[in-house]
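Engineer: Sending over a structure as structure tokens; questions will come in a sec.
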Amino acid sequence: MADALWVLVPVLPAVAVLVAVRRRLPVLFWWLVGYPAVTLRVLASYRATMDACGLTVPASAMRRATARMVGRQAAPVPPRRSLPLPTGSGLVMRLRMAAGQAPEDFTASADRLRHAWGAHAVHVRPTKPGRLELRLVGWDVLTDVRPARRWLRTEPLSLPLALREDGHWHVRDFRTVPHELILGATQSGKSVYLRNLLCGLARQPVALVGIDCKWGVELAPFAPRLSALADTPDRANELLDVLVEEMEARFRLIGTTGGIGPDAVLTSDVWGLPEKVRPVPVVVVVDEVAELFLAASKDDEKRRDAMVTKLIRLAQLGRAAGIYLEVCGQRFGAELGKGATMLRAQLTGRVCHRVNDETSANMALGDIAPEAALAATSIPAERPGVAVVGDSSGGWSRVRSPHLTLEDAAAVCRDTSGLVPELPRLDPFRPVVAPEPAELPSAAPVAPAARPVTE
């Protein structure tokens, strides 16, 4: 009994330390315990697991002949693999598929591989013909998401906004995916995603334009960094007119400047222009887009049709002029009115948080992948910030953006207010920013009045 106590005395504190490290520092726990354990499990059971999942092929004729010579039966051959290499959230193996195998075979068996090797998730990614990458994730990386490191922000108009479930960052690249649709119900994390987007753009030489028909309550905290803000449908209609004029002026600039000079290169967008004449990119954030579609009278219907037409024009032609759209809302469906489906088709980037109805999820992701829309409807309410991201290529993934408070986001916009570019056409819509209240000088201590002595 005494010997057992002497063994338990050092073991119990070590176990307690490991449990605390696993909860508070999952990356450290993975490097100390998780990676060695999973690697040994993968190496010891690789052939048997592949055979059980149907991912092996019959042995070659030479192997079968050699096995018959020694009186044995040739075992099925699994795909050739590399050594399991550690990553920040798991491990990765590169496989060489046998003849007759396809990446879809491994994708269909990903859940069985996850259970067999004790991983949180298994992701399959083809790298080149005949080869693929098998990535094991050690724990739920979406539980606690921290902001991305600075070195990830390398390209202009490229922002790491959310962490994907496979451990990679979802990078919002405006030059690759110029326009995006962001949907999410109240308290779903849509506003946090938008704050990360605005703060990332606020640090770059970009003109930010806001359209918030809820009297500006969502975008008003970012006013110091905004070049224009429309807070009513009438102002939004006027601002869209100005944006269309700006787009047309940029196309005229491209036509007159491109190809001038002996060393000039013909171009069809602003990024091919010389840097000294290249106009600054413009990102238009439309918050609560459903408010633009509401119409209570004939005049409202005319204004709505005009605004939707201008948004569609900006979505169709804005990329070449350096004008990009971020359309946000709680819901988005064909019943909103004329032009909703056509506008959706131009917004190739999709981010769908938890939504209140299946129609919005299908409107956001149904044309990309039906299973992505199903994944969006199954996001639990107790995990705000989790979303499903997809694009027109058909790929999709679950992501979660790092938490960013409204106060911190507003502070970033105040600190970067000096980066607001000069765009004369947008000056009439520049939001009025109230000056920060000066700190009142501390009042001198007042001597207490003498109290009368009473008997």
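Residue names in the structure tokens use chain letters A, B, ... in the order shown, residue numbers from 1 in each chain, and ligand numbers from 1 in the order shown.
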Within 8 Å of Ile379 of chain A, counting only C-alpha atoms, which residues show up once you throw out same-chain ones fewer than 4 positions away? Write them as a PyMOL selection string, please.
Structural biologist: chain A and resi 353-354+375+383+386-387
Engineer: With a cut-off of 8 Å, could you pull out the residues of segment 103-162 of chain A touching segment 47-64 of chain A and give me the nearest pair of atoms for each, distance in Å to one decimal, using only C-alpha atoms, ordered by chain and ascending number, as a Markdown table?
Structural biologist:
| residue | atom | partner | partner_atom | distance |
| --- | --- | --- | --- | --- |
| A:Asp105 | CA | A:Leu55 | CA | 7.3 |
| A:Phe106 | CA | A:Leu55 | CA | 7.3 |
| A:Ser109 | CA | A:Cys53 | CA | 6.4 |
| A:Arg112 | CA | A:Cys53 | CA | 7.1 |
| A:Leu113 | CA | A:Thr49 | CA | 7.4 |
| A:Ala116 | CA | A:Thr49 | CA | 7.0 |
Engineer: Could you dump the residues just selected with N, CA, C and O atoms as a tab-separated table (two decimals), in the first residue's frame?
Structural biologist:
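That gives us result.tsv:
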chain	number	residue	atom	x	y	z
A	105	ASP	N	-12.35	8.46	-53.14
A	105	ASP	CA	-12.35	7.26	-52.30
A	105	ASP	C	-11.85	7.59	-50.90
A	105	ASP	O	-12.41	7.10	-49.90
A	106	PHE	N	-10.84	8.42	-50.79
A	106	PHE	CA	-10.29	8.79	-49.49
A	106	PHE	C	-11.21	9.78	-48.77
A	106	PHE	O	-11.34	9.74	-47.55
A	109	SER	N	-13.93	7.97	-47.02
A	109	SER	CA	-13.47	7.21	-45.85
A	109	SER	C	-12.84	8.10	-44.79
A	109	SER	O	-12.25	7.57	-43.83
A	112	ARG	N	-14.06	7.39	-41.21
A	112	ARG	CA	-13.56	6.13	-40.67
A	112	ARG	C	-12.09	6.24	-40.29
A	112	ARG	O	-11.67	5.68	-39.26
A	113	LEU	N	-11.31	6.96	-41.08
A	113	LEU	CA	-9.91	7.17	-40.71
A	113	LEU	C	-9.80	7.99	-39.43
A	113	LEU	O	-8.91	7.74	-38.60
A	116	ALA	N	-10.45	5.63	-36.55
A	116	ALA	CA	-9.42	4.61	-36.40
A	116	ALA	C	-8.15	5.17	-35.78
A	116	ALA	O	-7.48	4.48	-34.99
Engineer: Determine the nearest neighbour of Met342 of chain A from the options A:Glu326, A:Ala220, A:Gln316, A:Ser360, counting only C-alpha atoms.
Structural biologist: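 Comparing A:Glu326, A:Ala220, A:Gln316, A:Ser360 against Met342 of chain A, the winner is A:Gln316.
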Engineer: Got a sec: who's within 9 Å of Ala364 of chain A, counting only C-alpha atoms, leaving out chain neighbours fewer than 5 positions off, as a list in words?
Structural biologist: Leu181, Ile182, Leu183, Phe332, Gly333, Arg344, Arg350, Val351, Cys352, Thr359, Ala373 and Gly390 of chain A
Engineer: Let's have the selection written as a CSV table (one decimal), in the first residue's frame, with all heavy atoms.
Structural biologist:
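The new file out.csv reads:
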chain,number,residue,atom,x,y,z
A,181,LEU,N,-20.9,37.9,-50.3
A,181,LEU,CA,-22.2,37.9,-49.6
A,181,LEU,C,-22.0,37.3,-48.2
A,181,LEU,O,-21.6,36.2,-48.1
A,181,LEU,CB,-23.3,37.2,-50.4
A,181,LEU,CG,-24.7,37.0,-49.7
A,181,LEU,CD1,-25.3,38.4,-49.5
A,181,LEU,CD2,-25.6,36.1,-50.5
A,182,ILE,N,-22.4,38.1,-47.2
A,182,ILE,CA,-22.3,37.7,-45.8
A,182,ILE,C,-23.6,37.6,-45.1
A,182,ILE,O,-24.3,38.6,-45.1
A,182,ILE,CB,-21.3,38.6,-45.0
A,182,ILE,CG1,-20.0,38.8,-45.7
A,182,ILE,CG2,-21.1,38.1,-43.6
A,182,ILE,CD1,-19.1,39.9,-45.1
A,183,LEU,N,-24.1,36.5,-44.7
A,183,LEU,CA,-25.4,36.3,-44.1
A,183,LEU,C,-25.2,35.8,-42.6
A,183,LEU,O,-24.3,35.1,-42.3
A,183,LEU,CB,-26.2,35.3,-44.9
A,183,LEU,CG,-26.7,35.7,-46.3
A,183,LEU,CD1,-27.5,34.7,-46.9
A,183,LEU,CD2,-27.4,37.1,-46.2
A,332,PHE,N,-31.6,36.6,-47.0
A,332,PHE,CA,-31.4,37.0,-48.4
A,332,PHE,C,-32.2,35.9,-49.2
A,332,PHE,O,-31.8,34.7,-49.2
A,332,PHE,CB,-30.0,37.0,-48.8
A,332,PHE,CG,-29.7,37.8,-50.1
A,332,PHE,CD1,-29.5,39.1,-50.1
A,332,PHE,CD2,-29.7,37.1,-51.3
A,332,PHE,CE1,-29.3,39.8,-51.3
A,332,PHE,CE2,-29.5,37.8,-52.5
A,332,PHE,CZ,-29.3,39.1,-52.5
A,333,GLY,N,-33.3,36.3,-49.8
A,333,GLY,CA,-34.1,35.4,-50.6
A,333,GLY,C,-34.7,36.0,-51.8
A,333,GLY,O,-34.7,37.2,-52.0
A,344,ARG,N,-27.2,38.2,-56.4
A,344,ARG,CA,-26.5,37.1,-55.7
A,344,ARG,C,-25.5,36.3,-56.6
A,344,ARG,O,-24.4,35.9,-56.2
A,344,ARG,CB,-27.6,36.1,-55.2
A,344,ARG,CG,-27.1,34.9,-54.3
A,344,ARG,CD,-26.6,33.7,-55.0
A,344,ARG,NE,-27.5,33.2,-56.0
A,344,ARG,CZ,-28.3,32.2,-55.8
A,344,ARG,NH1,-28.3,31.6,-54.6
A,344,ARG,NH2,-29.1,31.7,-56.7
A,350,ARG,N,-19.0,33.7,-50.5
A,350,ARG,CA,-20.2,33.5,-49.7
A,350,ARG,C,-19.7,33.1,-48.3
A,350,ARG,O,-18.8,32.3,-48.1
A,350,ARG,CB,-21.0,32.3,-50.2
A,350,ARG,CG,-21.4,32.4,-51.7
A,350,ARG,CD,-22.4,33.5,-52.0
A,350,ARG,NE,-22.5,33.7,-53.4
A,350,ARG,CZ,-23.3,32.9,-54.1
A,350,ARG,NH1,-24.0,31.9,-53.6
A,350,ARG,NH2,-23.4,33.1,-55.4
A,351,VAL,N,-20.3,33.8,-47.3
A,351,VAL,CA,-20.0,33.5,-45.9
A,351,VAL,C,-21.4,33.4,-45.2
A,351,VAL,O,-22.1,34.4,-45.2
A,351,VAL,CB,-19.2,34.6,-45.2
A,351,VAL,CG1,-19.0,34.2,-43.7
A,351,VAL,CG2,-17.8,34.7,-45.9
A,352,CYS,N,-21.8,32.2,-44.7
A,352,CYS,CA,-23.1,32.0,-44.1
A,352,CYS,C,-22.9,31.6,-42.7
A,352,CYS,O,-22.4,30.5,-42.4
A,352,CYS,CB,-23.9,31.0,-44.9
A,352,CYS,SG,-25.6,30.8,-44.3
A,359,THR,N,-34.1,29.0,-46.3
A,359,THR,CA,-34.0,29.6,-47.6
A,359,THR,C,-32.8,30.5,-47.7
A,359,THR,O,-32.2,30.5,-48.8
A,359,THR,CB,-35.3,30.5,-47.8
A,359,THR,OG1,-36.5,29.7,-47.6
A,359,THR,CG2,-35.3,31.2,-49.1
A,373,ALA,N,-24.9,24.1,-47.6
A,373,ALA,CA,-26.1,24.7,-47.1
A,373,ALA,C,-26.6,23.9,-45.9
A,373,ALA,O,-27.0,24.5,-44.9
A,373,ALA,CB,-27.1,24.8,-48.1
A,390,GLY,N,-17.7,29.6,-48.7
A,390,GLY,CA,-17.7,28.9,-50.0
A,390,GLY,C,-17.4,29.9,-51.1
A,390,GLY,O,-17.4,31.1,-50.9
Engineer: If you count only C-alpha atoms, which residues fall within 8 Å of segment 202-215 of chain A, apart from same-chain ones fewer than 5 positions away, as a list in words?
Structural biologist: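 Listed by chain and then number, they are Pro156, Leu157, Arg225, Leu226, Ser227, Ala228, Leu229, Ala230, Asp231, Thr232, Pro233, Ala236, Val280, Pro281, Val282, Val283, Val284, Val285, Val286, Asp287, Glu288, Glu291, Leu292, Val412, Cys413, Thr416, Leu419, Val420 and Pro421 of chain A.
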Engineer: Could you tell me how far atom CA of Glu275 of chain A lies from atom CA of Arg195 of chain A, in Å and to one decimal?
Structural biologist: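 Atom CA of Arg195 of chain A lies 29.1 Å from atom CA of Glu275 of chain A.
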Engineer: I'd like the contact shell of segment 405-411 of chain A - 10 Å cut-off, only C-alpha atoms, skipping same-chain residues fewer than 6 positions apart - returned as a list in words.
Structural biologist: Ser191, Val192, Leu194, Arg195, Asn196, Leu197, Leu198, Cys199, Gly200, Ala202, Glu218, Leu219, Ala220, Pro221, Phe222, Ala223, Pro224, Arg225 and Ser417 of chain A
